[in-house]
Amino acid sequence: MPPRIAIFASVLLVLLAAVPFAVIAWVRSAPSPSRPVHIVQDMDFQPRFNTQTVNLLFQDQRAMRPQIPGVVATSGNAGGAHFEQGVVDGAWATGLPGSVPMTMETLQRGQARFNIYCTACHGYSGYGDGIVNQRAIALMSNAEGPIYGTAWVQAKSVHDPTVREQPLGQIFNTITHGIRNMSGYAAQIPPADRWAIAAYVKTLQRSQDATLQDVPPENRASLNQ
Ligand code: HEC
């Protein structure tokens, strides 16, 4: 039979041995403003470098890495110059690229996308009289000067003669990269939809600038009434 003190001591030790686990369990479940202790780092914390700074990992110590010679883009120009840039043989494309058929469906898609992305400024008919334009004019025509210091460049009418004469590829390019005060939509609208919108812009232009010759002969008589 071991002495009593030894029995007490062992029981106490066993109980104390549970304390660290209890503390860990408690700390893990209680909310705390400090960051958790990260024992296994995995790739949770990685060094990052600001532009134009030094990175000693590389021989030339530049954090910004130049493009590796011989790299071939797998996106950006994958659909060819016509589809991606609106260019054919160095000139603006005058027609849709092969992968976007000239169908009623395409035009309706273009109309839907135009109404979502462009009408706020350009208006449903493309005259540059969208709701944002109306609001800006209201803010600027305040008697004590423009509210919020508003300055506004009105969205250009797509029926302006300088826009009307533009080939389809140039309209596509304006949607892709923006122009002057208008920002580009490449990040928001995929290329096929940009083509559909460009085709719809051409349709809008035609709709406001049609001549009698555009109407099939059998329908002209009914128009004259
Ligand atoms: C936030 C407002 C805004 C939106 C949205 C917008 N535009 Fe514009 N757009 C402008 C402004 C402003 C101009 C004129 C820019 C200038 O002259 O500085 C312009 C100019 C244009 C032009 C004439 C370019 C030229 O050659 O002069 C076209 C075409 C055009 N936009 C098409 C579109 C289409 C298509 C969309 C939808 C994908 C769109 N815009 C969305 C504001 C907008």
# chains A, B, ... in the order shown; residues from 1 in each chain; ligands from 1
>>> closest_atom_pairs(of="chain A", to="ligand 1", cutoff="7 Å", atoms="only C-alpha atoms and all ligand atoms", output="tab-separated table")
residue	atom	partner	partner_atom_place_in_ligand_line	distance
A:Phe114	CA	ligand 1	37 (C)	5.5
A:Tyr117	CA	ligand 1	37 (C)	4.7
A:Cys118	CA	ligand 1	37 (C)	3.5
A:Thr119	CA	ligand 1	5 (C)	6.6
A:Ala120	CA	ligand 1	5 (C)	5.6
A:Cys121	CA	ligand 1	2 (C)	4.4
A:His122	CA	ligand 1	7 (N)	6.1
A:Val153	CA	ligand 1	12 (C)	5.2
A:Gln154	CA	ligand 1	12 (C)	5.0
A:Ala155	CA	ligand 1	11 (C)	3.4
A:Lys156	CA	ligand 1	14 (C)	4.5
A:Ser157	CA	ligand 1	23 (C)	6.9
A:Val158	CA	ligand 1	29 (C)	5.4
A:Thr162	CA	ligand 1	26 (O)	6.8
A:Val163	CA	ligand 1	26 (O)	5.4
A:Ile171	CA	ligand 1	29 (C)	5.2
A:Thr174	CA	ligand 1	29 (C)	6.1
A:Ile175	CA	ligand 1	38 (C)	5.2
A:Ile179	CA	ligand 1	15 (C)	5.8
A:Arg180	CA	ligand 1	18 (O)	4.1
A:Asn181	CA	ligand 1	18 (O)	3.8
A:Met182	CA	ligand 1	10 (C)	4.4
A:Tyr185	CA	ligand 1	38 (C)	6.3
A:Ile197	CA	ligand 1	35 (C)	6.0
A:Ala198	CA	ligand 1	35 (C)	6.2
A:Val201	CA	ligand 1	35 (C)	6.5
>>> write_last_selection(atoms="C-alpha atoms", output="short mmCIF file (atom, residue, chain, number, x, y, z; two decimals), in the first residue's frame")
data_model
loop_
_atom_site.label_atom_id
_atom_site.label_comp_id
_atom_site.auth_asym_id
_atom_site.auth_seq_id
_atom_site.Cartn_x
_atom_site.Cartn_y
_atom_site.Cartn_z
CA PHE A 114 -28.34 47.36 -74.20
CA TYR A 117 -26.05 48.31 -69.52
CA CYS A 118 -26.47 51.35 -71.74
CA THR A 119 -29.91 52.91 -71.32
CA ALA A 120 -29.14 54.50 -67.94
CA CYS A 121 -27.04 57.05 -69.83
CA HIS A 122 -27.91 56.62 -73.51
CA VAL A 153 -20.76 65.12 -69.97
CA GLN A 154 -23.90 63.91 -71.68
CA ALA A 155 -23.71 60.46 -73.22
CA LYS A 156 -23.36 60.91 -76.94
CA SER A 157 -26.35 60.14 -79.10
CA VAL A 158 -25.73 57.01 -81.15
CA THR A 162 -20.10 60.77 -86.40
CA VAL A 163 -21.40 57.62 -84.68
CA ILE A 171 -18.94 50.30 -81.93
CA THR A 174 -16.20 51.54 -77.86
CA ILE A 175 -18.16 49.07 -75.73
CA ILE A 179 -14.18 56.24 -75.07
CA ARG A 180 -13.17 59.57 -73.50
CA ASN A 181 -15.61 59.97 -70.55
CA MET A 182 -17.28 56.59 -71.02
CA TYR A 185 -17.43 47.15 -70.46
CA ILE A 197 -25.16 45.05 -78.38
CA ALA A 198 -23.14 46.58 -81.24
CA VAL A 201 -26.91 49.85 -81.79
#
>>> closest_atom_pairs(of="region 77-140 of chain A", to="region 204-213 of chain A", cutoff="10 Å", atoms="only C-alpha atoms", output="JSON lines")
{"residue": "A:Gln111", "atom": "CA", "partner": "A:Leu204", "partner_atom": "CA", "distance": 9.3}
{"residue": "A:Tyr124", "atom": "CA", "partner": "A:Leu204", "partner_atom": "CA", "distance": 9.3}
{"residue": "A:Ser125", "atom": "CA", "partner": "A:Leu204", "partner_atom": "CA", "distance": 6.8}
{"residue": "A:Gly126", "atom": "CA", "partner": "A:Leu204", "partner_atom": "CA", "distance": 7.3}
{"residue": "A:Tyr127", "atom": "CA", "partner": "A:Gln205", "partner_atom": "CA", "distance": 9.9}
>>> write_last_selection(atoms="all heavy atoms", output="PDB file, in the first residue's frame")
ATOM      1  N   GLN A 111     -30.556  43.795 -77.629  1.00  0.00           N
ATOM      2  CA  GLN A 111     -31.513  44.764 -77.082  1.00  0.00           C
ATOM      3  C   GLN A 111     -31.612  44.615 -75.558  1.00  0.00           C
ATOM      4  O   GLN A 111     -31.560  45.607 -74.822  1.00  0.00           O
ATOM      5  CB  GLN A 111     -32.888  44.548 -77.708  1.00  0.00           C
ATOM      6  CG  GLN A 111     -33.928  45.516 -77.168  1.00  0.00           C
ATOM      7  CD  GLN A 111     -35.305  45.280 -77.782  1.00  0.00           C
ATOM      8  OE1 GLN A 111     -35.721  44.143 -77.983  1.00  0.00           O
ATOM      9  NE2 GLN A 111     -35.984  46.350 -78.091  1.00  0.00           N
ATOM     10  N   TYR A 124     -33.331  54.596 -73.916  1.00  0.00           N
ATOM     11  CA  TYR A 124     -33.775  53.398 -74.642  1.00  0.00           C
ATOM     12  C   TYR A 124     -33.624  53.543 -76.150  1.00  0.00           C
ATOM     13  O   TYR A 124     -33.381  52.582 -76.860  1.00  0.00           O
ATOM     14  CB  TYR A 124     -35.229  53.069 -74.285  1.00  0.00           C
ATOM     15  CG  TYR A 124     -35.336  52.390 -72.941  1.00  0.00           C
ATOM     16  CD1 TYR A 124     -35.570  53.127 -71.791  1.00  0.00           C
ATOM     17  CD2 TYR A 124     -35.159  51.016 -72.822  1.00  0.00           C
ATOM     18  CE1 TYR A 124     -35.637  52.508 -70.546  1.00  0.00           C
ATOM     19  CE2 TYR A 124     -35.227  50.387 -71.591  1.00  0.00           C
ATOM     20  CZ  TYR A 124     -35.464  51.145 -70.466  1.00  0.00           C
ATOM     21  OH  TYR A 124     -35.529  50.529 -69.242  1.00  0.00           O
ATOM     22  N   SER A 125     -33.762  54.757 -76.664  1.00  0.00           N
ATOM     23  CA  SER A 125     -33.625  54.935 -78.107  1.00  0.00           C
ATOM     24  C   SER A 125     -32.229  55.381 -78.506  1.00  0.00           C
ATOM     25  O   SER A 125     -31.951  55.555 -79.676  1.00  0.00           O
ATOM     26  CB  SER A 125     -34.647  55.954 -78.613  1.00  0.00           C
ATOM     27  OG  SER A 125     -35.933  55.567 -78.228  1.00  0.00           O
ATOM     28  N   GLY A 126     -31.338  55.588 -77.531  1.00  0.00           N
ATOM     29  CA  GLY A 126     -29.946  55.895 -77.843  1.00  0.00           C
ATOM     30  C   GLY A 126     -29.636  57.362 -78.063  1.00  0.00           C
ATOM     31  O   GLY A 126     -28.558  57.700 -78.556  1.00  0.00           O
ATOM     32  N   TYR A 127     -30.553  58.250 -77.661  1.00  0.00           N
ATOM     33  CA  TYR A 127     -30.313  59.679 -77.898  1.00  0.00           C
ATOM     34  C   TYR A 127     -29.485  60.352 -76.786  1.00  0.00           C
ATOM     35  O   TYR A 127     -29.274  61.566 -76.826  1.00  0.00           O
ATOM     36  CB  TYR A 127     -31.651  60.420 -78.061  1.00  0.00           C
ATOM     37  CG  TYR A 127     -32.270  60.215 -79.418  1.00  0.00           C
ATOM     38  CD1 TYR A 127     -33.277  59.284 -79.610  1.00  0.00           C
ATOM     39  CD2 TYR A 127     -31.821  60.950 -80.526  1.00  0.00           C
ATOM     40  CE1 TYR A 127     -33.830  59.076 -80.865  1.00  0.00           C
ATOM     41  CE2 TYR A 127     -32.377  60.756 -81.777  1.00  0.00           C
ATOM     42  CZ  TYR A 127     -33.384  59.827 -81.941  1.00  0.00           C
ATOM     43  OH  TYR A 127     -33.927  59.633 -83.187  1.00  0.00           O
TER      44      TYR A 127
END
>>> select_by_dssp(residues="region 40-93 of chain A", states="helix (DSSP H, G or I)", output="PyMOL selection string")
chain A and resi 80-85
>>> closest_residue(among="A:Leu56, A:Ala186, A:Ala17, A:Ala6", to="Asn173 (chain A)", atoms="only C-alpha atoms")
A:Ala186
>>> atom_distance(atom1="CA of Ala187 (chain A)", atom2="CA of Thr53 (chain A)")
27.8 Å
>>> residues_around(residues="Gly110 (chain A)", least_positions_apart="3", cutoff="7 Å", atoms="only C-alpha atoms", output="list of chain:residue names")
A:Thr106, A:Leu107, A:Arg113, A:Phe114, A:Asp193, A:Ala196, A:Ile197, A:Ala199, A:Tyr200
>>> select_by_dssp(residues="region 4-213 of chain A", states="strand (DSSP E)", output="PyMOL selection string")
chain A and resi 87-88+91-92+178-179+182-183
>>> write_last_selection(atoms="all heavy atoms", output="PDB file, in the first residue's frame")
ATOM      1  N   VAL A  87     -11.498  43.848 -85.391  1.00  0.00           N
ATOM      2  CA  VAL A  87     -10.629  44.277 -86.485  1.00  0.00           C
ATOM      3  C   VAL A  87     -10.482  43.145 -87.507  1.00  0.00           C
ATOM      4  O   VAL A  87     -10.313  41.984 -87.133  1.00  0.00           O
ATOM      5  CB  VAL A  87      -9.229  44.668 -85.942  1.00  0.00           C
ATOM      6  CG1 VAL A  87      -8.256  44.909 -87.072  1.00  0.00           C
ATOM      7  CG2 VAL A  87      -9.334  45.884 -85.034  1.00  0.00           C
ATOM      8  N   VAL A  88     -10.595  43.506 -88.792  1.00  0.00           N
ATOM      9  CA  VAL A  88     -10.338  42.542 -89.871  1.00  0.00           C
ATOM     10  C   VAL A  88      -9.338  43.184 -90.834  1.00  0.00           C
ATOM     11  O   VAL A  88      -9.592  44.280 -91.340  1.00  0.00           O
ATOM     12  CB  VAL A  88     -11.638  42.174 -90.626  1.00  0.00           C
ATOM     13  CG1 VAL A  88     -11.332  41.299 -91.833  1.00  0.00           C
ATOM     14  CG2 VAL A  88     -12.622  41.469 -89.713  1.00  0.00           C
ATOM     15  N   ALA A  91      -8.553  46.870 -90.352  1.00  0.00           N
ATOM     16  CA  ALA A  91      -9.618  47.878 -90.419  1.00  0.00           C
ATOM     17  C   ALA A  91     -10.786  47.402 -89.554  1.00  0.00           C
ATOM     18  O   ALA A  91     -10.918  46.199 -89.286  1.00  0.00           O
ATOM     19  CB  ALA A  91     -10.076  48.070 -91.859  1.00  0.00           C
ATOM     20  N   TRP A  92     -11.649  48.349 -89.115  1.00  0.00           N
ATOM     21  CA  TRP A  92     -12.810  47.965 -88.312  1.00  0.00           C
ATOM     22  C   TRP A  92     -13.681  46.992 -89.091  1.00  0.00           C
ATOM     23  O   TRP A  92     -13.959  47.214 -90.268  1.00  0.00           O
ATOM     24  CB  TRP A  92     -13.651  49.193 -87.945  1.00  0.00           C
ATOM     25  CG  TRP A  92     -12.986  50.161 -87.024  1.00  0.00           C
ATOM     26  CD1 TRP A  92     -12.779  51.490 -87.256  1.00  0.00           C
ATOM     27  CD2 TRP A  92     -12.443  49.896 -85.726  1.00  0.00           C
ATOM     28  NE1 TRP A  92     -12.141  52.064 -86.181  1.00  0.00           N
ATOM     29  CE2 TRP A  92     -11.919  51.108 -85.230  1.00  0.00           C
ATOM     30  CE3 TRP A  92     -12.333  48.747 -84.925  1.00  0.00           C
ATOM     31  CZ2 TRP A  92     -11.310  51.213 -83.983  1.00  0.00           C
ATOM     32  CZ3 TRP A  92     -11.725  48.848 -83.681  1.00  0.00           C
ATOM     33  CH2 TRP A  92     -11.229  50.061 -83.223  1.00  0.00           C
ATOM     34  N   GLY A 178     -14.383  51.544 -73.903  1.00  0.00           N
ATOM     35  CA  GLY A 178     -14.894  52.856 -73.529  1.00  0.00           C
ATOM     36  C   GLY A 178     -14.302  53.918 -74.436  1.00  0.00           C
ATOM     37  O   GLY A 178     -13.507  53.609 -75.341  1.00  0.00           O
ATOM     38  N   ILE A 179     -14.694  55.158 -74.226  1.00  0.00           N
ATOM     39  CA  ILE A 179     -14.179  56.236 -75.067  1.00  0.00           C
ATOM     40  C   ILE A 179     -14.283  57.534 -74.269  1.00  0.00           C
ATOM     41  O   ILE A 179     -15.315  57.790 -73.627  1.00  0.00           O
ATOM     42  CB  ILE A 179     -14.969  56.304 -76.403  1.00  0.00           C
ATOM     43  CG1 ILE A 179     -14.311  57.272 -77.373  1.00  0.00           C
ATOM     44  CG2 ILE A 179     -16.439  56.683 -76.199  1.00  0.00           C
ATOM     45  CD1 ILE A 179     -14.745  57.059 -78.822  1.00  0.00           C
ATOM     46  N   MET A 182     -16.528  57.828 -71.242  1.00  0.00           N
ATOM     47  CA  MET A 182     -17.277  56.586 -71.021  1.00  0.00           C
ATOM     48  C   MET A 182     -16.303  55.448 -70.745  1.00  0.00           C
ATOM     49  O   MET A 182     -15.328  55.300 -71.472  1.00  0.00           O
ATOM     50  CB  MET A 182     -18.128  56.259 -72.259  1.00  0.00           C
ATOM     51  CG  MET A 182     -18.840  54.935 -72.150  1.00  0.00           C
ATOM     52  SD  MET A 182     -19.685  54.526 -73.705  1.00  0.00           S
ATOM     53  CE  MET A 182     -19.486  52.743 -73.687  1.00  0.00           C
ATOM     54  N   SER A 183     -16.576  54.674 -69.677  1.00  0.00           N
ATOM     55  CA  SER A 183     -15.649  53.587 -69.363  1.00  0.00           C
ATOM     56  C   SER A 183     -16.017  52.325 -70.142  1.00  0.00           C
ATOM     57  O   SER A 183     -17.123  52.203 -70.649  1.00  0.00           O
ATOM     58  CB  SER A 183     -15.654  53.304 -67.855  1.00  0.00           C
ATOM     59  OG  SER A 183     -16.962  53.075 -67.431  1.00  0.00           O
TER      60      SER A 183
END
>>> atom_distance(atom1="CA of Phe172 (chain A)", atom2="CA of Gly98 (chain A)")
14.8 Å
>>> atom_distance(atom1="CA of Asn115 (chain A)", atom2="CA of Gly128 (chain A)")
12.9 Å
>>> decode(residues="region 144-185 of chain A", atoms="C-alpha atoms", output="PDB file, in the first residue's frame")
ATOM      1  CA  GLU A 144     -27.479  78.281 -56.363  1.00  0.00           C
ATOM      2  CA  GLY A 145     -25.092  76.303 -58.517  1.00  0.00           C
ATOM      3  CA  PRO A 146     -24.721  72.571 -59.201  1.00  0.00           C
ATOM      4  CA  ILE A 147     -25.679  70.319 -56.269  1.00  0.00           C
ATOM      5  CA  TYR A 148     -22.723  68.173 -55.087  1.00  0.00           C
ATOM      6  CA  GLY A 149     -20.548  70.153 -57.518  1.00  0.00           C
ATOM      7  CA  THR A 150     -21.943  67.994 -60.323  1.00  0.00           C
ATOM      8  CA  ALA A 151     -20.205  68.179 -63.682  1.00  0.00           C
ATOM      9  CA  TRP A 152     -21.711  66.153 -66.496  1.00  0.00           C
ATOM     10  CA  VAL A 153     -20.757  65.123 -69.972  1.00  0.00           C
ATOM     11  CA  GLN A 154     -23.900  63.908 -71.677  1.00  0.00           C
ATOM     12  CA  ALA A 155     -23.709  60.459 -73.217  1.00  0.00           C
ATOM     13  CA  LYS A 156     -23.358  60.913 -76.935  1.00  0.00           C
ATOM     14  CA  SER A 157     -26.355  60.138 -79.098  1.00  0.00           C
ATOM     15  CA  VAL A 158     -25.727  57.011 -81.149  1.00  0.00           C
ATOM     16  CA  HIS A 159     -27.641  58.845 -83.927  1.00  0.00           C
ATOM     17  CA  ASP A 160     -24.971  61.542 -84.101  1.00  0.00           C
ATOM     18  CA  PRO A 161     -23.644  61.513 -87.702  1.00  0.00           C
ATOM     19  CA  THR A 162     -20.103  60.774 -86.398  1.00  0.00           C
ATOM     20  CA  VAL A 163     -21.397  57.618 -84.682  1.00  0.00           C
ATOM     21  CA  ARG A 164     -23.885  56.614 -87.360  1.00  0.00           C
ATOM     22  CA  GLU A 165     -21.145  56.196 -89.937  1.00  0.00           C
ATOM     23  CA  GLN A 166     -19.003  54.007 -87.669  1.00  0.00           C
ATOM     24  CA  PRO A 167     -18.508  50.378 -88.704  1.00  0.00           C
ATOM     25  CA  LEU A 168     -19.806  47.631 -86.398  1.00  0.00           C
ATOM     26  CA  GLY A 169     -16.279  46.805 -85.193  1.00  0.00           C
ATOM     27  CA  GLN A 170     -15.737  50.376 -83.998  1.00  0.00           C
ATOM     28  CA  ILE A 171     -18.943  50.301 -81.926  1.00  0.00           C
ATOM     29  CA  PHE A 172     -17.754  46.972 -80.497  1.00  0.00           C
ATOM     30  CA  ASN A 173     -14.437  48.644 -79.634  1.00  0.00           C
ATOM     31  CA  THR A 174     -16.197  51.539 -77.864  1.00  0.00           C
ATOM     32  CA  ILE A 175     -18.159  49.068 -75.730  1.00  0.00           C
ATOM     33  CA  THR A 176     -15.002  47.064 -75.005  1.00  0.00           C
ATOM     34  CA  HIS A 177     -12.608  49.882 -74.096  1.00  0.00           C
ATOM     35  CA  GLY A 178     -14.894  52.856 -73.529  1.00  0.00           C
ATOM     36  CA  ILE A 179     -14.179  56.236 -75.067  1.00  0.00           C
ATOM     37  CA  ARG A 180     -13.174  59.567 -73.497  1.00  0.00           C
ATOM     38  CA  ASN A 181     -15.607  59.971 -70.548  1.00  0.00           C
ATOM     39  CA  MET A 182     -17.277  56.586 -71.021  1.00  0.00           C
ATOM     40  CA  SER A 183     -15.649  53.587 -69.363  1.00  0.00           C
ATOM     41  CA  GLY A 184     -15.246  50.182 -71.023  1.00  0.00           C
ATOM     42  CA  TYR A 185     -17.434  47.149 -70.460  1.00  0.00           C
TER      43      TYR A 185
END
